[in-house]
Amino acid sequence: MSTFSAIGEEREIDRDEYTPGVEPQPTWCPGCGDFSVLKALKQALPEVGRTPEETLLCTGIGCSGKLNSYLDTYGFHTIHGRSLPVARAAKLANPDLEVIAAGGDGDGYGIGGNHFIHTARENHDMTYIVFNNEIFGLTKGQTSPTSPKGHKSKTQPSGSAKEPIKPLSMSLNAGASYVARTAAVNPNQAKEIIIEAIEHDGFAHVDFLTQCPTWNKDARQYVPYIDVNESDDYEFDKTDRVEAQEMMRETEESLYEGEVLTGRFYVDEDRPSYTEEKQAIGEMPDEPLAERYWDDEYEWERSHDMFLDKHA
Amino acid sequence: MTDDELIWRISGGSGDGIASTSQNFAKALMRSGLNVFTHRHYPSRIRGGHTYTEVRASADPVESRGDGYNFLLALGDSFARNPQEEAVYGNEEIKPLSENLDELREGGIIVYDEGLLDASEIPNFEERAEENDWHVYPLDLRGLARDQGREVMRNTAGVGATCALTGMDLDHVQDLMRDAMPEKILEPNLEILQIAYDQVREEYDVDAPDVSVPTGEHDEQQLLMSGSDAISYGAIDEGCRFIAGYPMTPWTEVFTIMTKNLPKLGGISEQVEDEIAAAALAVGASHAGVKAMSGSSGGGFALMSEPLGLAEMTETPIVLVEAMRAGPSTGMPTKPEQSDLEHVLYTSQGDSQRVVLAPGTVEEAYEQSRLAFRLAYEYQIPSILLYDQKLGGEMTNVPKRHFDREPNPTLGKTLSEDALADEPHSADGKFHRFQHDVGDGVSPRSIPGQKGGRFLATGNEHDPTGHIAESPDNRVAQIDRRTEKLEAIRADLDTEDTGSYAGPEDAQYGILTFGSQQGTVEEAVGRLNDAGVSVKSYGVSDMAPFPTEQVAAFVESVDEVLVVEMTASGQFRGLVQKNLGRYGEKLSSLLKYNGNPFEPAEIVDGFEAAVVEGDGDASGHQTTFVPAAGD
């Protein structure tokens, strides 16, 4: 048996393999958009041929962080805002792993915003799904970074004085090479986008609109949605950064005017992933580092033989 | 003070090559057969600002910077600020000479660059020189270097003058320059060295030097190494191939050394957005099956509290190094202190558990860096290596043999897929990664990508598969098991005592210290015993889990104990008392927190004042005495 024989295994995968025995039914509220993310992942993973044991799912904290309890893969339920640095290091340590990170809008665009910017900038070959419900759910309904201006909550009783974060534009500017938005009410598109995101060789950011029926009752159910790639009303080239930027701007503004625009906004297939960039400058091994610790033949280098002469 | 040692201080401006010149000179002395020890003093500034490095050299072993110094080479500060104005920082131009006179010993030598420094600007310079019997040599080092076309090579001219005045052969210095310098600057440097040497010998009578370089011999090959070097090599030899960090003085040294060397070993270094990310990356890499580390200094380490707790809770092995500097907050970035001890021991929420080791010497830095990795991976717990600007930056000679050891890349209790198949799993196939009942508390790991190993790592309390669980029975079983690991680690550490003892075993008095002050304390203990004071010392390295039995036995065996540390609040003494739970009446403190490490004489005088005379008044020193609780 090789060290990591789950990796690259070719076999039929049943969607049920991703359903844990302990907690098969998520405890999300009835009508929660998070169910759709779970479903899209359970559909997408078998289709891209990634088994539970070659997949590492890293989540943050919040309702979205519970995804780890309901999707049975290798999992790392990290701390608030920190799923990305854990996930990208795992990818560096073993690039053969399928690494997916997920979290909420507070987690990714608020407390973890710095990590989001830098992970996008580095273009790690991984998928990042942000459950964007424009509210803090698990802590019971506070205003979040994507809540619209004027949003009232117990922590913003007079209505938020802040403009919301514009996640798609931020992602593009930071350097993500795949940027999409989908919505819980649009399961087919969600599945397709998740598949594309996983297969994309670079940092794929999916802003997933997940309605919160409990705390964000004022929010729309994100219907009717419009797929900008399919609608005749929108004409833009998703491989063109300038046109993508303009489309994102319109999408982000119109969300707060009741129009839900979704789809692929930016796709750059040419940009090398971070692993490729690091290998090109000789700072990343060709073989997964994680394999080396199991290689009985490997001659481990000693500082005594390699670095001490210059001290003599 | 002894006559059979040279303590050479080179002073100048930050950015003028003081550090590299002193390092080469120290190495030349080491190659000539001497034991050497360096001490750096520098400002938090890119260019300009008074800086110096001392090189102590003796045929006998040297464990500290020593007391004062006996040879000053004062060079100019190329980047001195507004020398004509009476600004808050004073006349910076003259500081390489004026700032260094107080600690120069009687009978010492001063060589200063009269091309850049005007001694008449210093009040009473001549009187002071006469009073102290200083031998003053004004030399136009800048002019001499400029004549050879390279004004910046005045450092080399100063080294040539040093050799001429101390009776040191140029051979070792020349050899070293050949090794260290690129071709195009080598020739002019060699010329300048020779000319300066010859000129001084011509102009002055140097047959009977005022201060001479001692002679010595090594019976085995020596290396000149800093604590930061040793920590890095320890990590490499323990199989660490991943580091993530963010620059911060003085931790940057380890980060830089690792970053330079890891690609040659097929390893990975990541400079990331902040220290939260840095420690989280170490957690992620280790989780995926690589030996990983991160580190910082106080302020950056504060950001690591979160991922540190996550590593503890998920039982992910990581090593963090913490290079202390004077705090609080930004404090004094380039000055040593030991006041992050409590920060490192207690940061992060809950009943969190970790290993904290504080090496005392360069050799110990290598050993305990390896030990930190071994304990982290064998016991699946974060290990922190706690050191400071002093140990990280000072260089000393260490036998090469010390590093001739086998590498240890093992990941600890990590299961192969074959072995995993025999381990307990839940009905849906999840591996019991966090089993309740395991001997030493260590439940074996799997690595993502392994068949039959999937589990959830989570910062929440969890059941054996990692699933979030809050039942009282599970909670108690898991936290007790994680705590048990500390007992197992203490027992493990007891098999290889990391402490350092000096002085006669049956001594009447004791000195306790930790970390980088150990060598200075041991030198002081030697001198006190020579002067008829019966005292021994114990340099403690294990901060957590604490060697309570050993420290109690030491305290029990003497009448009184002085605790020496570079903190203002006596944090180490507090740690000793917390763990021992008594002996408060026996423990007094000698503290120093002015930005400079202890000199041996300060400990000698402080000890005599505190313990022998009993009033604690060591006048003339910037140390603070805190009496025992019962006094």
# chains A, B, ... in the order shown; residues from 1 in each chain; ligands from 1
call {"tool": "interface_residues", "arguments": {"of": "chain B", "to": "chain A", "cutoff": "7 Å", "atoms": "only C-alpha atoms", "output": "JSON, numbers by chain"}}
result
{"B": [222, 223, 224, 225, 233, 236, 237, 263, 266, 267, 268, 273, 277, 280, 281, 283, 284, 285, 287, 288, 289, 290, 403, 404, 407, 409, 416, 417, 428, 448, 449, 450, 451, 454, 455, 456, 457, 458, 459, 467]}
call {"tool": "write_last_selection", "arguments": {"atoms": "C-alpha atoms", "output": "PDB file, in the first residue's frame"}}
result
ATOM      1  CA  GLN B 222      35.451  25.033  15.855  1.00  0.00           C
ATOM      2  CA  LEU B 223      32.523  26.865  14.273  1.00  0.00           C
ATOM      3  CA  LEU B 224      31.453  30.443  14.925  1.00  0.00           C
ATOM      4  CA  MET B 225      27.740  30.322  15.412  1.00  0.00           C
ATOM      5  CA  TYR B 233      20.148  23.839  12.197  1.00  0.00           C
ATOM      6  CA  ILE B 236      16.637  21.150   9.871  1.00  0.00           C
ATOM      7  CA  ASP B 237      18.243  18.119  11.528  1.00  0.00           C
ATOM      8  CA  PRO B 263      14.967  25.359  -0.871  1.00  0.00           C
ATOM      9  CA  GLY B 266      13.449  20.648  -1.091  1.00  0.00           C
ATOM     10  CA  GLY B 267      11.618  22.439   1.688  1.00  0.00           C
ATOM     11  CA  ILE B 268       9.205  25.352   1.664  1.00  0.00           C
ATOM     12  CA  GLU B 273       0.386  38.464   5.456  1.00  0.00           C
ATOM     13  CA  ALA B 277      -1.556  33.337   9.082  1.00  0.00           C
ATOM     14  CA  ALA B 280      -2.017  28.854  10.954  1.00  0.00           C
ATOM     15  CA  LEU B 281       0.091  27.801   7.963  1.00  0.00           C
ATOM     16  CA  VAL B 283      -0.768  24.100  11.601  1.00  0.00           C
ATOM     17  CA  GLY B 284      -2.048  23.365   8.077  1.00  0.00           C
ATOM     18  CA  ALA B 285       1.273  22.004   6.835  1.00  0.00           C
ATOM     19  CA  HIS B 287      -1.835  18.528   9.604  1.00  0.00           C
ATOM     20  CA  ALA B 288      -1.048  17.490   6.026  1.00  0.00           C
ATOM     21  CA  GLY B 289       2.013  15.539   7.215  1.00  0.00           C
ATOM     22  CA  VAL B 290       5.039  17.837   7.118  1.00  0.00           C
ATOM     23  CA  PHE B 403      26.477  18.857  15.215  1.00  0.00           C
ATOM     24  CA  ASP B 404      27.604  15.453  13.981  1.00  0.00           C
ATOM     25  CA  PRO B 407      18.746  13.418  11.503  1.00  0.00           C
ATOM     26  CA  PRO B 409      12.551  13.158  10.464  1.00  0.00           C
ATOM     27  CA  SER B 416       0.419   3.853   7.878  1.00  0.00           C
ATOM     28  CA  GLU B 417      -2.667   2.782   5.925  1.00  0.00           C
ATOM     29  CA  ASP B 428     -19.548   5.027   8.954  1.00  0.00           C
ATOM     30  CA  PRO B 448      -5.194  13.463   4.806  1.00  0.00           C
ATOM     31  CA  GLY B 449      -4.983  11.351   1.663  1.00  0.00           C
ATOM     32  CA  GLN B 450      -4.647   8.101   3.594  1.00  0.00           C
ATOM     33  CA  LYS B 451      -7.288   5.479   3.070  1.00  0.00           C
ATOM     34  CA  ARG B 454     -10.551  10.362   7.634  1.00  0.00           C
ATOM     35  CA  PHE B 455     -11.493  12.358  10.696  1.00  0.00           C
ATOM     36  CA  LEU B 456     -12.395  15.894  11.638  1.00  0.00           C
ATOM     37  CA  ALA B 457      -9.913  18.193  13.299  1.00  0.00           C
ATOM     38  CA  THR B 458     -11.742  20.951  15.130  1.00  0.00           C
ATOM     39  CA  GLY B 459     -11.149  23.643  17.687  1.00  0.00           C
ATOM     40  CA  HIS B 467     -17.072  15.214  15.695  1.00  0.00           C
TER      41      HIS B 467
END
call {"tool": "select_by_dssp", "arguments": {"residues": "stretch 274-449 of chain B", "states": "helix (DSSP H, G or I)", "output": "number ranges by chain"}}
result
B: 275-287, 298-303, 305-314, 341-346, 362-379, 389-393, 400-403, 417-421
call {"tool": "residues_around", "arguments": {"residues": "A:Ile129", "least_positions_apart": "4", "cutoff": "8 Å", "atoms": "only C-alpha atoms", "output": "PyMOL selection string"}}
result
chain A and resi 100-103+205-208
call {"tool": "select_by_dssp", "arguments": {"residues": "stretch 42-255 of chain A", "states": "strand (DSSP E or B)", "output": "PyMOL selection string"}}
result
chain A and resi 55-59+74-77+98-104+126-132+136+142+153+156+178-183+203-209+225-227
call {"tool": "residues_around", "arguments": {"residues": "B:Leu193", "least_positions_apart": "4", "cutoff": "12 Å", "atoms": "only C-alpha atoms", "output": "JSON, numbers by chain"}}
result
{"B": [141, 144, 145, 148, 153, 154, 155, 156, 157, 158, 159, 160, 161, 162, 163, 164, 169, 170, 171, 173, 174, 177, 186, 187, 188, 189, 197, 198, 199, 200]}
call {"tool": "residues_around", "arguments": {"residues": "B:Arg527", "least_positions_apart": "2", "cutoff": "12 Å", "atoms": "only C-alpha atoms", "output": "list in words"}}
result
Met1, Thr2, Gly66, Ala502, Gly503, Thr520, Val521, Glu522, Glu523, Ala524, Val525, Asn529, Asp530, Ala531, Gly532, Val533, Ser534, Val535, Lys536, Pro600, Ala601, Glu602, Ile603, Val604, Asp605, Phe607 and Glu608 of chain B
call {"tool": "write_last_selection", "arguments": {"atoms": "C-alpha atoms", "output": "tab-separated table (two decimals), in the first residue's frame"}}
result
chain	number	residue	atom	x	y	z
B	1	MET	CA	38.66	41.56	35.00
B	2	THR	CA	41.46	39.50	33.66
B	66	GLY	CA	32.55	39.86	29.99
B	502	ALA	CA	27.74	25.34	37.99
B	503	GLY	CA	29.63	25.68	41.29
B	520	THR	CA	26.87	35.12	32.50
B	521	VAL	CA	25.60	33.66	35.78
B	522	GLU	CA	28.01	30.74	35.51
B	523	GLU	CA	30.93	33.07	34.95
B	524	ALA	CA	29.86	35.08	38.01
B	525	VAL	CA	29.57	31.87	40.06
B	529	ASN	CA	33.83	30.94	44.43
B	530	ASP	CA	37.33	32.18	43.58
B	531	ALA	CA	36.65	35.03	46.00
B	532	GLY	CA	35.63	32.58	48.72
B	533	VAL	CA	31.84	32.79	48.43
B	534	SER	CA	30.26	29.35	48.40
B	535	VAL	CA	27.60	29.51	45.68
B	536	LYS	CA	26.21	27.33	42.91
B	600	PRO	CA	29.19	39.05	35.15
B	601	ALA	CA	30.40	41.79	37.55
B	602	GLU	CA	26.85	43.00	38.04
B	603	ILE	CA	25.84	39.56	39.22
B	604	VAL	CA	28.93	39.24	41.42
B	605	ASP	CA	28.32	42.63	43.04
B	607	PHE	CA	24.94	38.77	44.82
B	608	GLU	CA	27.40	40.05	47.39
call {"tool": "closest_residue", "arguments": {"among": "B:Ser228, B:Arg370, B:Arg401, B:Arg433", "to": "B:Glu315", "atoms": "only C-alpha atoms"}}
result
B:Arg433
call {"tool": "residues_around", "arguments": {"residues": "A:Phe131", "least_positions_apart": "2", "cutoff": "10 Å", "atoms": "only C-alpha atoms", "output": "list in words"}}
result
Gly33, Asp34, Val37, Gly62, Cys63, Ser64, Gly65, Ala102, Gly103, Gly104, Asp105, Gly106, Asp107, Gly108, Tyr128, Ile129, Asn133, Glu134, Ala183, Ala184, Val206, Asp207, Phe208, Leu209, Thr210 and Gln211 of chain A
call {"tool": "write_last_selection", "arguments": {"atoms": "N, CA and C atoms", "output": "JSON list (two decimals), in the first residue's frame"}}
result
[["chain", "number", "residue", "atom", "x", "y", "z"],
["A", 33, "GLY", "N", -30.18, 28.58, 3.32],
["A", 33, "GLY", "CA", -29.48, 28.43, 2.05],
["A", 33, "GLY", "C", -28.27, 27.52, 2.13],
["A", 34, "ASP", "N", -27.79, 27.26, 3.35],
["A", 34, "ASP", "CA", -26.58, 26.43, 3.50],
["A", 34, "ASP", "C", -26.79, 25.01, 2.98],
["A", 37, "VAL", "N", -25.45, 24.56, -0.48],
["A", 37, "VAL", "CA", -24.00, 24.43, -0.65],
["A", 37, "VAL", "C", -23.61, 22.97, -0.44],
["A", 62, "GLY", "N", -19.01, 29.58, 12.37],
["A", 62, "GLY", "CA", -20.31, 30.13, 12.03],
["A", 62, "GLY", "C", -21.18, 28.99, 11.55],
["A", 63, "CYS", "N", -22.41, 29.32, 11.11],
["A", 63, "CYS", "CA", -23.28, 28.27, 10.59],
["A", 63, "CYS", "C", -22.58, 27.52, 9.47],
["A", 64, "SER", "N", -21.86, 28.26, 8.63],
["A", 64, "SER", "CA", -21.17, 27.65, 7.49],
["A", 64, "SER", "C", -20.11, 26.67, 7.93],
["A", 65, "GLY", "N", -19.48, 26.93, 9.10],
["A", 65, "GLY", "CA", -18.43, 26.06, 9.59],
["A", 65, "GLY", "C", -18.93, 24.66, 9.90],
["A", 102, "ALA", "N", -14.12, 26.87, 3.11],
["A", 102, "ALA", "CA", -15.46, 27.45, 3.13],
["A", 102, "ALA", "C", -15.69, 28.21, 4.43],
["A", 103, "GLY", "N", -16.54, 29.22, 4.34],
["A", 103, "GLY", "CA", -16.87, 30.01, 5.53],
["A", 103, "GLY", "C", -17.94, 31.01, 5.18],
["A", 104, "GLY", "N", -18.35, 31.79, 6.17],
["A", 104, "GLY", "CA", -19.40, 32.77, 5.93],
["A", 104, "GLY", "C", -18.84, 34.11, 5.48],
["A", 105, "ASP", "N", -19.74, 35.08, 5.29],
["A", 105, "ASP", "CA", -19.28, 36.40, 4.84],
["A", 105, "ASP", "C", -18.56, 37.14, 5.95],
["A", 106, "GLY", "N", -18.97, 36.94, 7.19],
["A", 106, "GLY", "CA", -18.24, 37.55, 8.30],
["A", 106, "GLY", "C", -16.86, 36.93, 8.42],
["A", 107, "ASP", "N", -16.82, 35.62, 8.27],
["A", 107, "ASP", "CA", -15.59, 34.85, 8.38],
["A", 107, "ASP", "C", -14.58, 35.23, 7.30],
["A", 108, "GLY", "N", -15.06, 35.31, 6.05],
["A", 108, "GLY", "CA", -14.15, 35.49, 4.93],
["A", 108, "GLY", "C", -13.91, 36.95, 4.55],
["A", 128, "TYR", "N", -12.64, 28.24, -2.86],
["A", 128, "TYR", "CA", -13.08, 28.93, -1.65],
["A", 128, "TYR", "C", -14.54, 29.32, -1.81],
["A", 129, "ILE", "N", -15.38, 28.73, -0.98],
["A", 129, "ILE", "CA", -16.82, 29.00, -1.05],
["A", 129, "ILE", "C", -17.21, 29.89, 0.13],
["A", 133, "ASN", "N", -24.76, 35.36, 3.41],
["A", 133, "ASN", "CA", -26.18, 35.58, 3.74],
["A", 133, "ASN", "C", -26.40, 36.99, 4.28],
["A", 134, "GLU", "N", -25.38, 37.82, 4.17],
["A", 134, "GLU", "CA", -25.49, 39.23, 4.54],
["A", 134, "GLU", "C", -25.86, 39.43, 6.01],
["A", 183, "ALA", "N", -26.37, 31.13, -6.27],
["A", 183, "ALA", "CA", -27.36, 31.33, -5.22],
["A", 183, "ALA", "C", -28.01, 30.01, -4.85],
["A", 184, "ALA", "N", -28.41, 29.93, -3.58],
["A", 184, "ALA", "CA", -28.98, 28.70, -3.06],
["A", 184, "ALA", "C", -30.23, 28.28, -3.82],
["A", 206, "VAL", "N", -16.01, 31.36, -4.97],
["A", 206, "VAL", "CA", -17.44, 31.31, -5.25],
["A", 206, "VAL", "C", -18.19, 32.03, -4.14],
["A", 207, "ASP", "N", -18.80, 33.15, -4.48],
["A", 207, "ASP", "CA", -19.64, 33.86, -3.53],
["A", 207, "ASP", "C", -21.04, 33.25, -3.65],
["A", 208, "PHE", "N", -21.42, 32.51, -2.61],
["A", 208, "PHE", "CA", -22.63, 31.69, -2.67],
["A", 208, "PHE", "C", -23.71, 32.38, -1.84],
["A", 209, "LEU", "N", -24.72, 32.93, -2.50],
["A", 209, "LEU", "CA", -25.78, 33.63, -1.78],
["A", 209, "LEU", "C", -26.69, 32.62, -1.08],
["A", 210, "THR", "N", -26.66, 32.65, 0.23],
["A", 210, "THR", "CA", -27.42, 31.66, 1.03],
["A", 210, "THR", "C", -28.38, 32.41, 1.93],
["A", 211, "GLN", "N", -29.63, 32.39, 1.59],
["A", 211, "GLN", "CA", -30.61, 33.15, 2.38],
["A", 211, "GLN", "C", -30.68, 32.64, 3.82]]
call {"tool": "residues_around", "arguments": {"residues": "A:Gln245", "least_positions_apart": "4", "cutoff": "7 Å", "atoms": "only C-alpha atoms", "output": "list in words"}}
result
Ser169, Arg241 and Arg249 of chain A
